[in-house]
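Visitor: Handing you a structure now.
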Amino acid sequence: MPNSWTTWPLRESLSKEGLSEARLWIGRGMRVLVIAGLLWTTFAGGAFTGWGLAAAAAGVVLSLAVFRGFFRMTLARRMLPSIALFAVLEAAAFGFHLAGAHLPAIVLWCACAITAMERLPLSAAVPCSAVALGAYAVVNTDNWLTTAVTTVGLGLAGYVIRLDAEARGNAHRLLAQERAARKAEAETAALAERGRIAREIHDVLAHSLSAQLVHLEAARQLIQRSTDLEADREQLLERVVACRGMAREGLDGTREALSALRGEMAPVEDFLRDLTAAEGARLDVVGDQRALPAEAGLAVRRVAQEALTNVRKHAPGARVSVRLEYAEGSVGLVVRDSGGRGKPGELARSGSGYGLLGMRERAELLGGTLESGPDEEGFVVRLRVPA
C-alpha cells in the first residue's frame, strides 16, 4: 500500500477539476482582492520611490510568477523543482521584509505555508510549512501567545485545506470511474444486443435460405440438363412453389423476430400452437402458464422451430409431440419424434449443420441446458432455461 507520508496528493486534488464555476470565480476574486490590497499597502504609503519602487514592483511580479511555477511543478509532481521554487518564495519574503515591506512578507510566508501543506507530500510539506511559519513567528511583533495561536491556526488551516482537496479529488476520481464503468456497461449491453440480433438473423433465416438454395440449385440443373422444358414444367413449378413457401416462412419469421426484439411477442403457447398445427404435431402444455422473459421465450420458439425443421429434413412422416413445461423458476420444451416412415429428402442436405449447436449456445448463455439425441424409436430434443 502507498505510504501516505511520502505520496503526493491526487492530481485531481491539485488541479481545478471538479470545482464548480462559482467556487472558481470566488477563488479568483479573493486572489485579486488580496493582491490589490498588498500592492496598495506596499506602494501607497510612499515607502518606495524611484529605483526602489521599480525593484519592489519587479519583486511582486517575480513572486507571482514563481508562485505560478510552484503550482505547475507540484501538479507535475516534480519534487526538486517544487522545493527550489519554494525556497525562492521564502527568499523573496525575506527580501520584502528587509526592504521594509513587512505586510507582503508576512502574507507571502503564510501563503507559502498553507500552499506547501496543501500541495506537497507530507514528508516535504511539514518541514516547508514549518520553515515558513517559523519565519513568520520570528518577525511577528505581536505577543507570543497571539503569534503561537496564529502559527498553529495557519498550520491547521493548511492541513484542513489539504483534506478538503483530497476529498474533492477522491470524489472526482470515483465519479470518473463510475462514468467509465457505465460506459463499459453500455458498450457491453450494445455488444450483447448485437449478438442477440445476430442469433435471431441466423435462427430465423439460415434454414429457410439454405433450403431455398437447394431447390433453386435443383431447378437450375433441371433447366440446364432438360431437353424438353415443357415436359419438366411440373418439376420446375414444384421447386418454385417450394421456394416461395420457404421465402414466406423466412419473411414471417423475420417479422416475428423484429417484433420480439421490440418486445411485441405473442404468448409462447399461441406460437407453438400455430407451429405444431402447421407441422401436424401434437402439443401438450403442462404447468401454470405465465408470461416469459423475452430471451427465454425466444429460446423456446427457436428450439421448437429448429427441432421441427430437423424432423422435416431427416425424418419425414414421423409422428411428433411437443411438450411445453412450466416449472418454478424455469420453462422446458421437449420435442420428440417416433422416427420417419419416409427417406430423408433434399432438405436433409441443406443448412449449415450448426442449428442445434447454436440452440445449445443460446441456452447456455441464458444459464440453461439443451440436450438432444436418439430416444427409443426416434429423436428427442430437451430444452430448459430459467424463466
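All residue names refer to the C-alpha cells as shown: chains lettered A, B, ... in order, residues numbered from 1 in each chain, ligands numbered from 1 in order.
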Find the residues near A:Met73: any atom within 12 Å, counting only C-alpha atoms, skip ones fewer than 5 places away on the same chain, and give them as a list in words.
Guide: Trp8, Arg11, Leu14, Ser15, Val66, Phe67, Arg68, Arg78, Met79, Leu80, Pro81, Ser82, Ile83, Ala84, Leu85, Phe86, Ala116, Arg119 and Leu120 of chain A
Visitor: To test your reading of the structure, identify every residue in stretch 144-329 of chain A that backbone DSSP assigns to alpha helix (DSSP H), and report it as number ranges by chain.
Guide: A: 144-225, 233-261, 268-279, 294-314
Visitor: With only C-alpha atoms as the counted atoms, please give the residues lying no more than 10 Å from stretch 163-172 of chain A, apart from itself and same-chain residues fewer than 4 positions off, as an NGL selection string.
Guide: :A and (9-19 or 117-119 or 157-159 or 176-178)
Visitor: With C-alpha atoms kept, could you save the residues just selected as a tab-separated table (two decimals), in the first residue's frame?
Guide:
```
chain	number	residue	atom	x	y	z
A	9	PRO	CA	-1.91	14.34	-3.30
A	10	LEU	CA	-4.10	13.14	-6.17
A	11	ARG	CA	-3.76	15.06	-9.41
A	12	GLU	CA	-7.48	15.76	-9.21
A	13	SER	CA	-6.80	17.40	-5.81
A	14	LEU	CA	-4.03	19.62	-7.17
A	15	SER	CA	-5.90	20.69	-10.30
A	16	LYS	CA	-9.13	22.62	-10.70
A	17	GLU	CA	-11.04	19.58	-11.94
A	18	GLY	CA	-14.32	19.09	-10.16
A	19	LEU	CA	-14.54	22.68	-8.92
A	117	MET	CA	0.78	21.85	3.20
A	118	GLU	CA	-1.88	21.50	0.50
A	119	ARG	CA	0.22	20.51	-2.49
A	157	ALA	CA	-5.79	25.62	8.08
A	158	GLY	CA	-3.29	24.30	5.55
A	159	TYR	CA	-3.94	20.72	6.65
A	176	ALA	CA	-14.73	9.33	-13.40
A	177	GLN	CA	-14.50	5.61	-12.58
A	178	GLU	CA	-18.28	5.38	-12.32
```
Visitor: Leaving out A:Leu333 and any residue of its chain fewer than 4 positions from it, which residues lie within 7 Å of it when counting only C-alpha atoms, given as a list in words?
Guide: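 Result of the neighbour search: Val300, Arg323, Leu324, Glu325, Arg382, Leu383 and Arg384 of chain A.
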Visitor: Atom CA of A:Val285 and atom CA of A:Pro316 are how many Å apart?
Guide: 24.4 Å
Visitor: What's around A:Gly95 at 10 Å? Count only C-alpha atoms, leave out sequence neighbours fewer than 5 positions away in its own chain, and write the answer as a ChimeraX atom specification.
Guide: /A:56,59,89-90,100-102,105
Visitor: Take the residues from that selection and put them in a file with C-alpha atoms, as an mmCIF file, in the first residue's frame.
Guide:
```
data_model
loop_
_atom_site.group_PDB
_atom_site.id
_atom_site.type_symbol
_atom_site.label_atom_id
_atom_site.label_comp_id
_atom_site.auth_asym_id
_atom_site.auth_seq_id
_atom_site.Cartn_x
_atom_site.Cartn_y
_atom_site.Cartn_z
ATOM 1 C CA ALA A 56 9.591 46.345 -5.350
ATOM 2 C CA GLY A 59 9.752 41.605 -6.808
ATOM 3 C CA LEU A 89 9.497 32.346 -2.486
ATOM 4 C CA GLU A 90 10.952 32.229 1.008
ATOM 5 C CA GLY A 100 10.561 47.330 4.835
ATOM 6 C CA ALA A 101 7.533 45.768 3.141
ATOM 7 C CA HIS A 102 6.570 43.771 6.219
ATOM 8 C CA ALA A 105 6.459 39.378 3.549
#
```
Visitor: Report the distance between atom CA of A:Arg360 and atom CA of A:Arg244 in Å, rounded to one decimal place.
Guide: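 Between atom CA of A:Arg360 and atom CA of A:Arg244 the gap works out to 29.7 Å.
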Visitor: Name the residues of stretch 188-344 of chain A that fall into strand (DSSP E or B) according to DSSP on the backbone, using the chain letters and numbers of this document, as a VMD selection string.
Guide: chain A and resid 282 to 286 320 to 327 330 to 337
